[in-house]
file my_file.cif (mmCIF, C-alpha atoms (C1' of nucleotides))
data_start
#
loop_
_atom_site.label_atom_id
_atom_site.label_comp_id
_atom_site.auth_asym_id
_atom_site.auth_seq_id
_atom_site.Cartn_x
_atom_site.Cartn_y
_atom_site.Cartn_z
CA MET N 9 124.50 82.08 94.10
CA ASN N 10 125.46 82.84 97.67
CA TYR N 11 122.77 84.83 99.41
CA ASP N 12 124.47 85.12 102.81
CA ALA N 13 124.73 88.88 102.40
CA LEU N 14 120.93 88.97 102.57
CA LYS N 15 120.62 87.19 105.90
CA LEU N 16 119.13 89.43 108.58
CA LYS N 17 121.79 88.22 110.99
CA ASN N 18 124.53 89.52 108.72
CA GLN N 19 123.15 93.04 108.54
CA LEU N 20 124.54 95.94 110.49
CA CYS N 21 121.60 98.16 109.63
CA PHE N 22 118.87 95.95 111.01
CA PRO N 23 120.03 95.98 114.65
CA LEU N 24 120.56 99.71 114.27
CA TYR N 25 116.98 100.12 113.11
CA ALA N 26 115.60 97.69 115.69
CA VAL N 27 117.50 99.07 118.68
CA SER N 28 116.54 102.60 117.75
CA LYS N 29 112.86 101.67 117.62
CA GLU N 30 112.96 99.71 120.87
CA VAL N 31 114.78 102.45 122.73
CA THR N 32 112.28 105.02 121.54
CA ARG N 33 109.57 102.74 122.89
CA LEU N 34 111.38 102.60 126.24
CA TYR N 35 111.02 106.35 126.57
CA LYS N 36 107.25 106.22 126.31
CA PRO N 37 106.35 105.49 129.97
CA PHE N 38 108.65 108.30 131.10
CA LEU N 39 107.49 110.79 128.51
CA ASP N 40 103.77 110.09 128.76
CA PRO N 41 103.50 111.98 132.08
CA LEU N 42 105.07 115.01 130.32
CA ASN N 43 102.65 114.69 127.41
CA LEU N 44 105.55 114.46 124.99
CA THR N 45 106.43 111.99 122.27
CA TYR N 46 110.10 111.12 121.77
CA THR N 47 110.45 113.48 118.82
CA GLN N 48 108.72 116.26 120.72
CA TYR N 49 111.05 115.58 123.65
CA ILE N 50 114.26 115.95 121.64
CA THR N 51 112.80 119.06 120.02
CA MET N 52 112.22 120.56 123.46
CA MET N 53 115.76 119.52 124.42
CA VAL N 54 117.19 121.59 121.57
CA LEU N 55 115.05 124.56 122.56
CA TRP N 56 115.97 124.30 126.25
CA GLU N 57 119.56 124.53 125.13
CA THR N 58 119.05 127.18 122.46
CA ASP N 59 115.77 129.05 122.57
CA GLY N 60 114.62 131.13 119.62
CA LEU N 61 115.73 129.03 116.65
CA ASN N 62 113.89 129.08 113.37
CA VAL N 63 112.45 125.92 111.84
CA LYS N 64 115.41 125.40 109.55
CA ALA N 65 117.98 125.60 112.34
CA LEU N 66 115.92 123.25 114.49
CA GLY N 67 115.75 120.83 111.58
CA GLU N 68 119.52 120.91 111.11
CA LYS N 69 120.11 120.03 114.74
CA LEU N 70 117.48 117.29 114.78
CA LEU N 71 118.00 116.06 111.21
CA LEU N 72 114.33 116.61 110.49
CA ASP N 73 112.68 118.63 107.74
CA SER N 74 109.75 121.03 107.80
CA GLY N 75 107.39 118.28 106.71
CA THR N 76 107.99 116.63 110.07
CA LEU N 77 108.58 119.71 112.18
CA THR N 78 105.72 121.95 111.13
CA PRO N 79 102.93 119.68 112.41
CA LEU N 80 104.99 118.70 115.46
CA LEU N 81 105.61 122.33 116.39
CA LYS N 82 101.93 123.11 115.96
CA LYS N 83 101.18 120.42 118.53
CA LEU N 84 103.72 121.84 120.98
CA GLU N 85 102.17 125.27 120.39
CA ALA N 86 98.68 123.87 121.00
CA GLN N 87 99.96 122.55 124.34
CA GLY N 88 101.19 126.03 125.20
CA LEU N 89 104.84 124.98 125.40
CA ILE N 90 106.16 127.15 122.57
CA THR N 91 105.26 130.08 120.35
CA ARG N 92 105.71 130.23 116.58
CA ASN N 93 106.30 133.70 115.17
CA ARG N 94 107.12 134.73 111.67
CA SER N 95 110.00 137.19 111.73
CA LYS N 96 109.32 140.78 110.70
CA ASP N 97 112.90 141.20 109.48
CA ASN N 98 112.60 138.29 107.13
CA GLU N 99 109.15 136.84 106.76
CA ARG N 100 110.48 133.52 105.50
CA ASN N 101 111.67 132.64 108.99
CA VAL N 102 109.43 131.26 111.71
CA PHE N 103 111.10 131.53 115.08
CA ILE N 104 110.29 129.17 117.91
CA HIS N 105 110.35 130.39 121.50
CA LEU N 106 109.62 128.56 124.73
CA THR N 107 106.77 129.82 126.89
CA ASP N 108 106.97 129.86 130.69
CA LYS N 109 105.14 126.54 130.63
CA GLY N 110 107.72 125.22 128.18
CA TRP N 111 110.59 126.31 130.41
CA ASN N 112 108.94 124.85 133.50
CA LEU N 113 108.61 121.45 131.86
CA ARG N 114 112.40 121.26 131.93
CA ASP N 115 112.39 120.45 135.65
CA GLU N 116 110.31 117.35 134.98
CA ALA N 117 112.24 116.36 131.88
CA VAL N 118 115.59 116.48 133.60
CA LYS N 119 114.73 113.23 135.39
CA VAL N 120 114.10 111.33 132.16
CA PRO N 121 117.66 110.53 131.02
CA GLU N 122 118.54 108.82 134.28
CA GLN N 123 115.25 106.92 134.37
CA LEU N 124 115.99 105.60 130.93
CA ILE N 125 119.57 104.60 131.66
CA ARG N 126 118.32 102.55 134.60
CA CYS N 127 115.87 100.83 132.29
CA LEU N 128 118.48 100.22 129.60
CA ASN N 129 120.72 97.42 130.77
CA VAL N 130 123.95 98.54 129.16
CA ASP N 131 127.53 98.46 130.36
CA PRO N 132 128.81 102.06 130.72
CA LYS N 133 131.89 101.22 128.69
CA ASP N 134 129.72 99.84 125.89
CA ALA N 135 127.55 102.93 126.02
CA GLU N 136 130.64 105.10 125.68
CA THR N 137 131.88 103.10 122.70
CA LEU N 138 128.46 103.22 121.04
CA TYR N 139 128.29 106.95 121.63
CA ILE N 140 131.65 107.52 119.97
CA LEU N 141 130.98 105.25 116.99
CA LEU N 142 127.51 106.60 116.29
CA ASN N 143 128.67 110.20 116.45
CA LYS N 144 131.59 109.33 114.19
CA LEU N 145 129.09 107.97 111.68
CA LEU N 146 126.94 111.07 111.97
CA ASP N 147 129.94 113.34 111.44
CA THR N 148 131.68 111.64 108.57
CA GLY N 149 130.18 108.29 107.71
CA ILE N 150 126.89 109.12 106.09
CA CYS N 151 127.27 110.49 102.61
CA HIS N 152 124.09 111.83 101.11
CA THR N 153 125.39 112.07 97.58
CA SER N 154 127.78 109.23 96.81
CA HIS N 155 125.20 107.42 94.69
CA GLU N 156 124.80 110.40 92.36
CA GLU N 157 127.98 110.05 90.38
CA MET A 7 119.75 123.03 138.76
CA ASN A 8 122.16 121.34 136.40
CA TYR A 9 120.48 120.53 133.11
CA ASP A 10 123.50 118.98 131.37
CA ALA A 11 121.74 115.61 131.24
CA LEU A 12 119.26 117.22 128.84
CA LYS A 13 121.83 118.40 126.31
CA LEU A 14 121.41 116.69 122.96
CA LYS A 15 125.18 116.18 122.81
CA ASN A 16 125.06 114.15 126.03
CA GLN A 17 122.45 111.71 124.77
CA LEU A 18 123.24 108.23 123.56
CA CYS A 19 119.78 107.74 122.15
CA PHE A 20 119.75 110.69 119.80
CA PRO A 21 122.67 109.58 117.59
CA LEU A 22 121.13 106.11 117.61
CA TYR A 23 117.86 107.54 116.35
CA ALA A 24 119.54 109.90 113.88
CA VAL A 25 121.95 107.35 112.41
CA SER A 26 119.16 104.83 112.02
CA LYS A 27 117.05 107.33 110.09
CA GLU A 28 119.92 108.47 107.89
CA VAL A 29 121.00 104.94 107.07
CA THR A 30 117.44 104.00 106.12
CA ARG A 31 117.47 107.01 103.82
CA LEU A 32 120.71 105.78 102.26
CA TYR A 33 118.97 102.60 101.18
CA LYS A 34 116.36 104.45 99.17
CA PRO A 35 118.25 104.90 95.87
CA PHE A 36 119.19 101.21 95.89
CA LEU A 37 115.74 99.96 96.86
CA ASP A 38 113.72 102.21 94.55
CA PRO A 39 114.67 100.12 91.49
CA LEU A 40 113.31 97.06 93.32
CA ASN A 41 110.10 98.89 94.23
CA LEU A 42 110.73 98.17 97.90
CA THR A 43 110.83 100.39 100.96
CA TYR A 44 113.37 99.59 103.66
CA THR A 45 110.79 97.85 105.84
CA GLN A 46 109.51 95.86 102.88
CA TYR A 47 113.11 94.94 102.05
CA ILE A 48 113.90 93.50 105.48
CA THR A 49 110.56 91.67 105.42
CA MET A 50 111.54 90.06 102.12
CA MET A 51 114.95 89.22 103.61
CA VAL A 52 113.28 87.23 106.37
CA LEU A 53 111.09 85.42 103.87
CA TRP A 54 114.00 84.63 101.54
CA GLU A 55 115.65 83.00 104.51
CA THR A 56 112.53 81.32 105.91
CA ASP A 57 109.56 81.14 103.59
CA GLY A 58 106.11 80.30 104.91
CA LEU A 59 106.05 82.13 108.24
CA ASN A 60 102.87 83.45 109.73
CA VAL A 61 102.42 87.11 110.58
CA LYS A 62 103.28 86.63 114.23
CA ALA A 63 106.56 84.84 113.52
CA LEU A 64 107.51 87.48 110.97
CA GLY A 65 106.77 90.14 113.54
CA GLU A 66 108.97 88.47 116.13
CA LYS A 67 111.91 88.38 113.76
CA LEU A 68 111.42 91.97 112.61
CA LEU A 69 110.22 93.40 115.93
CA LEU A 70 107.08 94.68 114.24
CA ASP A 71 103.44 94.11 115.11
CA SER A 72 100.44 93.29 112.95
CA GLY A 73 99.47 96.94 112.85
CA THR A 74 102.58 97.58 110.80
CA LEU A 75 102.83 94.26 109.01
CA THR A 76 99.28 93.75 107.78
CA PRO A 77 99.19 96.78 105.48
CA LEU A 78 102.81 96.23 104.45
CA LEU A 79 102.13 92.60 103.50
CA LYS A 80 99.07 93.65 101.55
CA LYS A 81 101.29 95.93 99.49
CA LEU A 82 103.78 93.14 98.83
CA GLU A 83 100.87 90.93 97.85
CA ALA A 84 99.51 93.61 95.52
CA GLN A 85 102.94 93.66 93.85
CA GLY A 86 102.71 89.92 93.35
CA LEU A 87 105.76 89.17 95.50
CA ILE A 88 103.99 87.12 98.19
CA THR A 89 100.75 85.30 98.94
CA ARG A 90 98.76 85.59 102.17
CA ASN A 91 96.76 82.49 103.08
CA ARG A 92 94.77 81.77 106.16
CA SER A 93 95.63 78.30 107.42
CA LYS A 94 92.94 75.62 107.28
CA ASP A 95 94.43 73.87 110.28
CA ASN A 96 94.15 76.94 112.43
CA GLU A 97 92.29 79.82 110.91
CA ARG A 98 93.93 82.34 113.21
CA ASN A 99 97.18 82.01 111.31
CA VAL A 100 97.89 83.79 108.06
CA PHE A 101 100.90 82.26 106.34
CA ILE A 102 103.10 84.24 104.01
CA HIS A 103 104.71 82.57 101.00
CA LEU A 104 106.95 83.98 98.32
CA THR A 105 105.74 83.81 94.72
CA ASP A 106 108.11 83.08 91.83
CA LYS A 107 108.35 86.82 91.31
CA GLY A 108 109.22 87.21 94.99
CA TRP A 109 111.95 84.59 94.75
CA ASN A 110 113.33 86.13 91.57
CA LEU A 111 113.68 89.53 93.20
CA ARG A 112 116.34 87.99 95.43
CA ASP A 113 118.89 88.10 92.62
CA GLU A 114 118.51 91.87 92.40
CA ALA A 115 118.42 92.38 96.14
CA VAL A 116 121.63 90.49 96.75
CA LYS A 117 123.56 93.46 95.34
CA VAL A 118 122.09 95.94 97.81
CA PRO A 119 124.17 95.22 100.94
CA GLU A 120 127.45 95.81 99.16
CA GLN A 121 126.15 98.93 97.44
CA LEU A 122 125.19 100.31 100.83
CA ILE A 123 128.47 99.47 102.51
CA ARG A 124 130.31 101.34 99.78
CA CYS A 125 128.08 104.34 100.42
CA LEU A 126 128.51 104.16 104.18
CA ASN A 127 131.95 105.44 105.02
CA VAL A 128 132.68 103.26 108.01
CA ASP A 129 135.82 101.51 109.19
CA PRO A 130 135.27 97.71 109.08
CA LYS A 131 136.54 97.41 112.65
CA ASP A 132 134.05 100.03 113.79
CA ALA A 133 131.26 98.26 111.92
CA GLU A 134 132.17 95.02 113.66
CA THR A 135 132.14 96.71 117.08
CA LEU A 136 128.81 98.39 116.35
CA TYR A 137 127.36 95.10 115.19
CA ILE A 138 128.38 93.36 118.41
CA LEU A 139 127.20 96.12 120.72
CA LEU A 140 123.85 96.61 119.02
CA ASN A 141 123.10 92.90 119.01
CA LYS A 142 124.12 92.70 122.65
CA LEU A 143 121.57 95.43 123.38
CA LEU A 144 118.91 93.61 121.40
CA ASP A 145 119.58 90.37 123.21
CA THR A 146 119.85 91.51 126.79
CA GLY A 147 119.85 95.27 127.12
CA ILE A 148 116.32 96.28 126.31
CA CYS A 149 113.90 95.40 129.06
CA HIS A 150 110.27 95.98 128.22
CA THR A 151 109.03 95.76 131.78
CA SER A 152 111.60 97.22 134.19
CA HIS A 153 109.55 100.39 134.65
CA GLU A 154 106.59 98.41 135.99
CA GLU A 155 107.94 97.64 139.43
"C1'" DC T 28 115.24 148.39 88.49
"C1'" DA T 29 113.57 144.04 86.37
"C1'" DC T 30 114.20 139.34 86.44
"C1'" DT T 31 115.92 135.14 87.88
"C1'" DA T 32 117.59 132.19 91.55
"C1'" DT T 33 117.52 130.89 96.14
"C1'" DT T 34 115.69 130.38 100.63
"C1'" DT T 35 112.20 129.22 103.95
"C1'" DA T 36 108.07 127.07 105.73
"C1'" DA T 37 104.03 124.88 104.65
"C1'" DT T 38 101.45 121.44 102.16
"C1'" DT T 39 100.49 116.99 99.90
"C1'" DG T 40 100.89 112.22 99.52
"C1'" DT T 41 102.79 107.77 100.87
"C1'" DA T 42 104.51 104.65 104.27
"C1'" DC T 43 105.67 103.22 108.47
"C1'" DA T 44 105.21 102.43 113.82
"C1'" DC T 45 102.71 101.37 117.71
"C1'" DA T 46 99.00 101.44 121.42
"C1'" DA T 47 94.54 99.97 122.00
"C1'" DT T 48 90.66 97.65 120.54
"C1'" DT T 49 88.02 94.19 117.98
"C1'" DA T 50 86.66 89.77 116.22
"C1'" DA T 51 87.20 85.23 115.25
"C1'" DA T 52 89.21 80.86 116.33
"C1'" DT T 53 91.18 77.76 119.38
"C1'" DA T 54 92.87 76.02 123.84
"C1'" DG T 55 92.18 75.09 128.49
"C1'" DT T 56 89.38 73.78 132.47
"C1'" DG T 57 86.03 72.15 135.66
"C1'" DC L 26 80.38 69.76 127.03
"C1'" DA L 27 79.97 74.68 128.47
"C1'" DC L 28 82.57 78.49 129.52
"C1'" DT L 29 86.44 81.23 130.09
"C1'" DA L 30 91.03 82.51 128.65
"C1'" DT L 31 94.30 82.96 125.17
"C1'" DT L 32 95.96 83.52 120.63
"C1'" DT L 33 96.11 85.61 116.16
"C1'" DA L 34 95.33 89.09 112.64
"C1'" DA L 35 93.00 93.00 111.47
"C1'" DT L 36 91.40 97.59 112.46
"C1'" DT L 37 91.42 102.30 114.35
"C1'" DG L 38 93.63 106.37 115.66
"C1'" DT L 39 97.69 109.22 116.46
"C1'" DG L 40 102.20 110.66 115.34
"C1'" DT L 41 106.15 110.68 112.93
"C1'" DA L 42 109.32 110.61 108.49
"C1'" DC L 43 110.39 112.14 104.09
"C1'" DA L 44 110.08 113.17 98.96
"C1'" DA L 45 108.12 116.40 96.11
"C1'" DT L 46 105.71 120.43 95.34
"C1'" DT L 47 104.02 125.06 96.36
"C1'" DA L 48 104.05 129.84 97.65
"C1'" DA L 49 105.91 133.72 99.47
"C1'" DA L 50 109.87 136.45 100.48
"C1'" DT L 51 114.38 137.78 99.71
"C1'" DA L 52 118.92 137.83 97.42
"C1'" DG L 53 121.60 138.19 93.48
"C1'" DT L 54 122.63 139.96 88.87
"C1'" DG L 55 122.96 142.35 84.56
#
call {"tool": "encode", "arguments": {"input": "my_file.cif", "output": "structure tokens"}}
result
Amino acid sequence: MNYDALKLKNQLCFPLYAVSKEVTRLYKPFLDPLNLTYTQYITMMVLWETDGLNVKALGEKLLLDSGTLTPLLKKLEAQGLITRNRSKDNERNVFIHLTDKGWNLRDEAVKVPEQLIRCLNVDPKDAETLYILLNKLLDTGICHTSHEE
Amino acid sequence: MNYDALKLKNQLCFPLYAVSKEVTRLYKPFLDPLNLTYTQYITMMVLWETDGLNVKALGEKLLLDSGTLTPLLKKLEAQGLITRNRSKDNERNVFIHLTDKGWNLRDEAVKVPEQLIRCLNVDPKDAETLYILLNKLLDTGICHTSHEE
DNA sequence: CACTATTTAATTGTACACAATTAAATAGTG
DNA sequence: CACTATTTAATTGTGTACAATTAAATAGTG
């Protein structure tokens, strides 16, 4: 039998997985001074853009579920960056709001993307192509249900 | 101040992170019958290609360290797919060898890549471009030390 | 209105992922 | 050879990820 399909070099998914991990690691020295992990950082990014989301809406934007978000949000709350309040209108919803400290952190965080780009040795044209292809995959390429026929 | 650099939509790294996670999730239904997680699967792939590596060499191919690999390899050993033997030549090295059961699993695993491609709705040309760009990043784009100047 | 179905967040359990440390073995050096 | 430095795997501790379940609240329906 021909096992070439199983060679690591022939996989698309392995470099995807590996690059993603390595890039996340690259963020660490820039995020450590902000006391944020990468996942906490992108969570704050969503809130800086749209404050006052509930856990479900946050999860839809980040593609994370409550099993990941609940403990993460508790840590951000413990740091005094956000508040978590169960809605009185509908007690199923927990709404997340930035505190003053959370808003202020934005001025530090705004430097991070450029710091990272400088660290990531990538041709701008390649970055643009990657951006387009990855978002195309996110929008239409990843079917959650095709195996359940 | 202009905070556009902090918008999730303007990030390259977020879709990278999100696509990687989603694709790993896509593998699950195809790997469950083999009793493998995604990380265990790519570890077996390396061994099917090059049996008898030590933990360090495995880690270099997979970009994983012993903190991840040691418990993972113990699970593969517990399943009877591999053996872990400390070398007598140099007792620092632990060499990993496939068992018969480990080799036999290859015939099941060989179906997985095609199953996944069918599930992943991606234009072959796009896949090719992604493959090239991601490997280019892996080879030259990710500097571990540039922030320590 | 009673009852079922759905929604939402939290919890539980398993499995990475990685930094930092540890411990043992080996290599290198004067 | 003695001693230090390096190498290798394992361990420890923290933080995701996610499937599956739970529990409470709310929506939908006859």
call {"tool": "closest_residue", "arguments": {"input": "my_file.cif", "among": "N:Ser28, N:Thr137, N:Thr58, N:Thr78", "to": "DA44 (chain T)", "atoms": "only C-alpha atoms (C1' of nucleotides)"}}
result
N:Ser28
call {"tool": "closest_atom_pairs", "arguments": {"input": "my_file.cif", "of": "chain L", "to": "chain A", "cutoff": "10 Å", "atoms": "all atoms listed in the file", "output": "tab-separated table"}}
result
residue	atom	partner	partner_atom	distance
L:DT32	C1'	A:Arg98	CA	7.8
L:DT33	C1'	A:Arg98	CA	4.9
L:DA34	C1'	A:Ser72	CA	6.6
L:DA35	C1'	A:Thr76	CA	7.3
L:DT36	C1'	A:Gly73	CA	8.1
L:DT37	C1'	A:Gly73	CA	9.8
L:DA42	C1'	A:Lys27	CA	8.5
L:DC43	C1'	A:Arg31	CA	8.7
call {"tool": "write_last_selection", "arguments": {"input": "my_file.cif", "atoms": "C-alpha atoms (C1' of nucleotides)", "output": "CSV table (one decimal), in the frame of the given file"}}
result
chain,number,residue,atom,x,y,z
L,32,DT,C1',96.0,83.5,120.6
L,33,DT,C1',96.1,85.6,116.2
L,34,DA,C1',95.3,89.1,112.6
L,35,DA,C1',93.0,93.0,111.5
L,36,DT,C1',91.4,97.6,112.5
L,37,DT,C1',91.4,102.3,114.4
L,42,DA,C1',109.3,110.6,108.5
L,43,DC,C1',110.4,112.1,104.1
call {"tool": "interface_residues", "arguments": {"input": "my_file.cif", "of": "chain T", "to": "chain A", "cutoff": "9 Å", "atoms": "all atoms listed in the file", "output": "MDAnalysis selection string"}}
result
chainID T and resid 42:45 51:53
call {"tool": "resolve_selection", "arguments": {"input": "my_file.cif", "expression": "the PyMOL selection byres ((chain N) within 6 of (chain A))", "output": "PyMOL selection string"}}
result
chain N and resi 20+23-25+28+127-130+139+142+149-150
call {"tool": "calpha_fit_and_write", "arguments": {"input": "my_file.cif", "fixed": "chain A", "moving": "chain N", "output": "CSV table (one decimal) with C-alpha atoms, in the coordinates of the input"}}
result
chain,number,residue,atom,x,y,z
N,9,MET,CA,119.8,123.0,138.7
N,10,ASN,CA,122.2,121.4,136.3
N,11,TYR,CA,120.5,120.5,133.0
N,12,ASP,CA,123.6,119.0,131.3
N,13,ALA,CA,121.8,115.6,131.2
N,14,LEU,CA,119.3,117.2,128.8
N,15,LYS,CA,121.9,118.4,126.3
N,16,LEU,CA,121.4,116.7,122.9
N,17,LYS,CA,125.2,116.2,122.8
N,18,ASN,CA,125.1,114.2,126.0
N,19,GLN,CA,122.5,111.7,124.7
N,20,LEU,CA,123.3,108.2,123.5
N,21,CYS,CA,119.8,107.7,122.1
N,22,PHE,CA,119.8,110.7,119.8
N,23,PRO,CA,122.7,109.6,117.6
N,24,LEU,CA,121.1,106.1,117.6
N,25,TYR,CA,117.8,107.5,116.4
N,26,ALA,CA,119.5,109.9,113.9
N,27,VAL,CA,122.0,107.3,112.4
N,28,SER,CA,119.2,104.8,112.0
N,29,LYS,CA,117.0,107.3,110.1
N,30,GLU,CA,119.9,108.5,107.9
N,31,VAL,CA,121.0,104.9,107.1
N,32,THR,CA,117.5,104.0,106.1
N,33,ARG,CA,117.5,107.0,103.8
N,34,LEU,CA,120.7,105.8,102.3
N,35,TYR,CA,119.0,102.6,101.2
N,36,LYS,CA,116.3,104.4,99.2
N,37,PRO,CA,118.2,104.9,95.9
N,38,PHE,CA,119.2,101.2,95.9
N,39,LEU,CA,115.7,100.0,96.9
N,40,ASP,CA,113.7,102.2,94.6
N,41,PRO,CA,114.6,100.2,91.5
N,42,LEU,CA,113.3,97.1,93.3
N,43,ASN,CA,110.1,98.9,94.3
N,44,LEU,CA,110.7,98.2,97.9
N,45,THR,CA,110.8,100.4,101.0
N,46,TYR,CA,113.4,99.6,103.7
N,47,THR,CA,110.8,97.8,105.9
N,48,GLN,CA,109.5,95.9,102.9
N,49,TYR,CA,113.1,94.9,102.1
N,50,ILE,CA,113.9,93.5,105.5
N,51,THR,CA,110.6,91.7,105.4
N,52,MET,CA,111.5,90.1,102.1
N,53,MET,CA,115.0,89.2,103.6
N,54,VAL,CA,113.3,87.2,106.4
N,55,LEU,CA,111.1,85.4,103.9
N,56,TRP,CA,114.0,84.6,101.5
N,57,GLU,CA,115.7,83.0,104.5
N,58,THR,CA,112.6,81.3,105.9
N,59,ASP,CA,109.6,81.2,103.6
N,60,GLY,CA,106.1,80.3,104.9
N,61,LEU,CA,106.1,82.1,108.2
N,62,ASN,CA,102.9,83.4,109.7
N,63,VAL,CA,102.4,87.1,110.6
N,64,LYS,CA,103.3,86.6,114.2
N,65,ALA,CA,106.6,84.8,113.5
N,66,LEU,CA,107.5,87.5,111.0
N,67,GLY,CA,106.8,90.1,113.6
N,68,GLU,CA,109.0,88.4,116.1
N,69,LYS,CA,111.9,88.4,113.8
N,70,LEU,CA,111.4,92.0,112.6
N,71,LEU,CA,110.2,93.4,115.9
N,72,LEU,CA,107.1,94.7,114.3
N,73,ASP,CA,103.5,94.1,115.1
N,74,SER,CA,100.5,93.3,113.0
N,75,GLY,CA,99.5,96.9,112.9
N,76,THR,CA,102.6,97.6,110.9
N,77,LEU,CA,102.8,94.2,109.0
N,78,THR,CA,99.3,93.7,107.8
N,79,PRO,CA,99.2,96.8,105.5
N,80,LEU,CA,102.8,96.2,104.5
N,81,LEU,CA,102.1,92.6,103.5
N,82,LYS,CA,99.1,93.7,101.6
N,83,LYS,CA,101.3,95.9,99.5
N,84,LEU,CA,103.8,93.2,98.9
N,85,GLU,CA,100.9,90.9,97.9
N,86,ALA,CA,99.5,93.6,95.6
N,87,GLN,CA,102.9,93.7,93.9
N,88,GLY,CA,102.7,89.9,93.4
N,89,LEU,CA,105.7,89.2,95.5
N,90,ILE,CA,104.0,87.1,98.2
N,91,THR,CA,100.8,85.3,99.0
N,92,ARG,CA,98.8,85.6,102.2
N,93,ASN,CA,96.8,82.5,103.1
N,94,ARG,CA,94.8,81.8,106.2
N,95,SER,CA,95.7,78.3,107.5
N,96,LYS,CA,93.0,75.6,107.3
N,97,ASP,CA,94.5,73.9,110.3
N,98,ASN,CA,94.2,76.9,112.5
N,99,GLU,CA,92.3,79.8,111.0
N,100,ARG,CA,94.0,82.3,113.3
N,101,ASN,CA,97.2,82.0,111.3
N,102,VAL,CA,97.9,83.8,108.1
N,103,PHE,CA,100.9,82.3,106.4
N,104,ILE,CA,103.1,84.3,104.0
N,105,HIS,CA,104.7,82.6,101.0
N,106,LEU,CA,106.9,84.0,98.3
N,107,THR,CA,105.7,83.8,94.7
N,108,ASP,CA,108.1,83.1,91.8
N,109,LYS,CA,108.3,86.9,91.3
N,110,GLY,CA,109.2,87.2,95.0
N,111,TRP,CA,112.0,84.6,94.7
N,112,ASN,CA,113.3,86.2,91.6
N,113,LEU,CA,113.7,89.6,93.2
N,114,ARG,CA,116.3,88.0,95.4
N,115,ASP,CA,118.9,88.1,92.6
N,116,GLU,CA,118.5,91.9,92.4
N,117,ALA,CA,118.4,92.4,96.1
N,118,VAL,CA,121.6,90.5,96.7
N,119,LYS,CA,123.6,93.5,95.3
N,120,VAL,CA,122.1,95.9,97.8
N,121,PRO,CA,124.2,95.2,100.9
N,122,GLU,CA,127.4,95.8,99.1
N,123,GLN,CA,126.1,98.9,97.4
N,124,LEU,CA,125.2,100.3,100.8
N,125,ILE,CA,128.5,99.5,102.5
N,126,ARG,CA,130.3,101.4,99.7
N,127,CYS,CA,128.1,104.4,100.4
N,128,LEU,CA,128.5,104.1,104.2
N,129,ASN,CA,132.0,105.4,105.0
N,130,VAL,CA,132.7,103.2,108.0
N,131,ASP,CA,135.8,101.5,109.2
N,132,PRO,CA,135.3,97.7,109.1
N,133,LYS,CA,136.5,97.4,112.6
N,134,ASP,CA,134.0,100.0,113.8
N,135,ALA,CA,131.3,98.3,111.9
N,136,GLU,CA,132.2,95.0,113.7
N,137,THR,CA,132.2,96.7,117.1
N,138,LEU,CA,128.8,98.4,116.3
N,139,TYR,CA,127.4,95.1,115.2
N,140,ILE,CA,128.4,93.3,118.4
N,141,LEU,CA,127.2,96.1,120.7
N,142,LEU,CA,123.9,96.6,119.0
N,143,ASN,CA,123.1,92.9,119.0
N,144,LYS,CA,124.1,92.7,122.7
N,145,LEU,CA,121.6,95.4,123.4
N,146,LEU,CA,118.9,93.6,121.4
N,147,ASP,CA,119.6,90.4,123.2
N,148,THR,CA,119.8,91.5,126.8
N,149,GLY,CA,119.8,95.3,127.1
N,150,ILE,CA,116.3,96.3,126.3
N,151,CYS,CA,113.9,95.5,129.1
N,152,HIS,CA,110.3,96.0,128.2
N,153,THR,CA,109.0,95.7,131.7
N,154,SER,CA,111.4,97.3,134.2
N,155,HIS,CA,109.2,100.4,134.6
N,156,GLU,CA,106.2,98.3,135.8
N,157,GLU,CA,107.4,97.5,139.3
call {"tool": "atom_distance", "arguments": {"input": "my_file.cif", "atom1": "CA of Ala84 (chain A)", "atom2": "CA of Thr105 (chain A)"}}
result
11.6 Å
call {"tool": "atom_distance", "arguments": {"input": "my_file.cif", "atom1": "CA of Leu59 (chain A)", "atom2": "CA of Ile102 (chain A)"}}
result
5.6 Å
call {"tool": "resolve_selection", "arguments": {"input": "my_file.cif", "expression": "the PyMOL selection byres ((chain A and resi 108) around 9)", "output": "list in words"}}
result
Met50, Trp54, Leu82, Gly86, Leu87, Ile88, His103, Leu104, Thr105, Asp106, Lys107, Trp109, Asn110, Leu111 and Arg112 of chain A
call {"tool": "atom_distance", "arguments": {"input": "my_file.cif", "atom1": "CA of Gly60 (chain N)", "atom2": "CA of Leu81 (chain N)"}}
result
13.0 Å
call {"tool": "closest_residue", "arguments": {"input": "my_file.cif", "among": "N:Asp147, N:Glu68, N:Asp59, N:Glu116", "to": "Pro41 (chain N)", "atoms": "only C-alpha atoms"}}
result
N:Glu116
call {"tool": "resolve_selection", "arguments": {"input": "my_file.cif", "expression": "the PyMOL selection byres ((chain L and resi 52) around 10)", "output": "VMD selection string"}}
result
(chain T and resid 32 to 34) or (chain L and resid 50 to 51 53 to 54)
call {"tool": "residues_around", "arguments": {"input": "my_file.cif", "residues": "DT47 (chain L)", "least_positions_apart": "5", "cutoff": "10 Å", "atoms": "all atoms listed in the file", "output": "PyMOL selection string"}}
result
chain T and resi 37-39
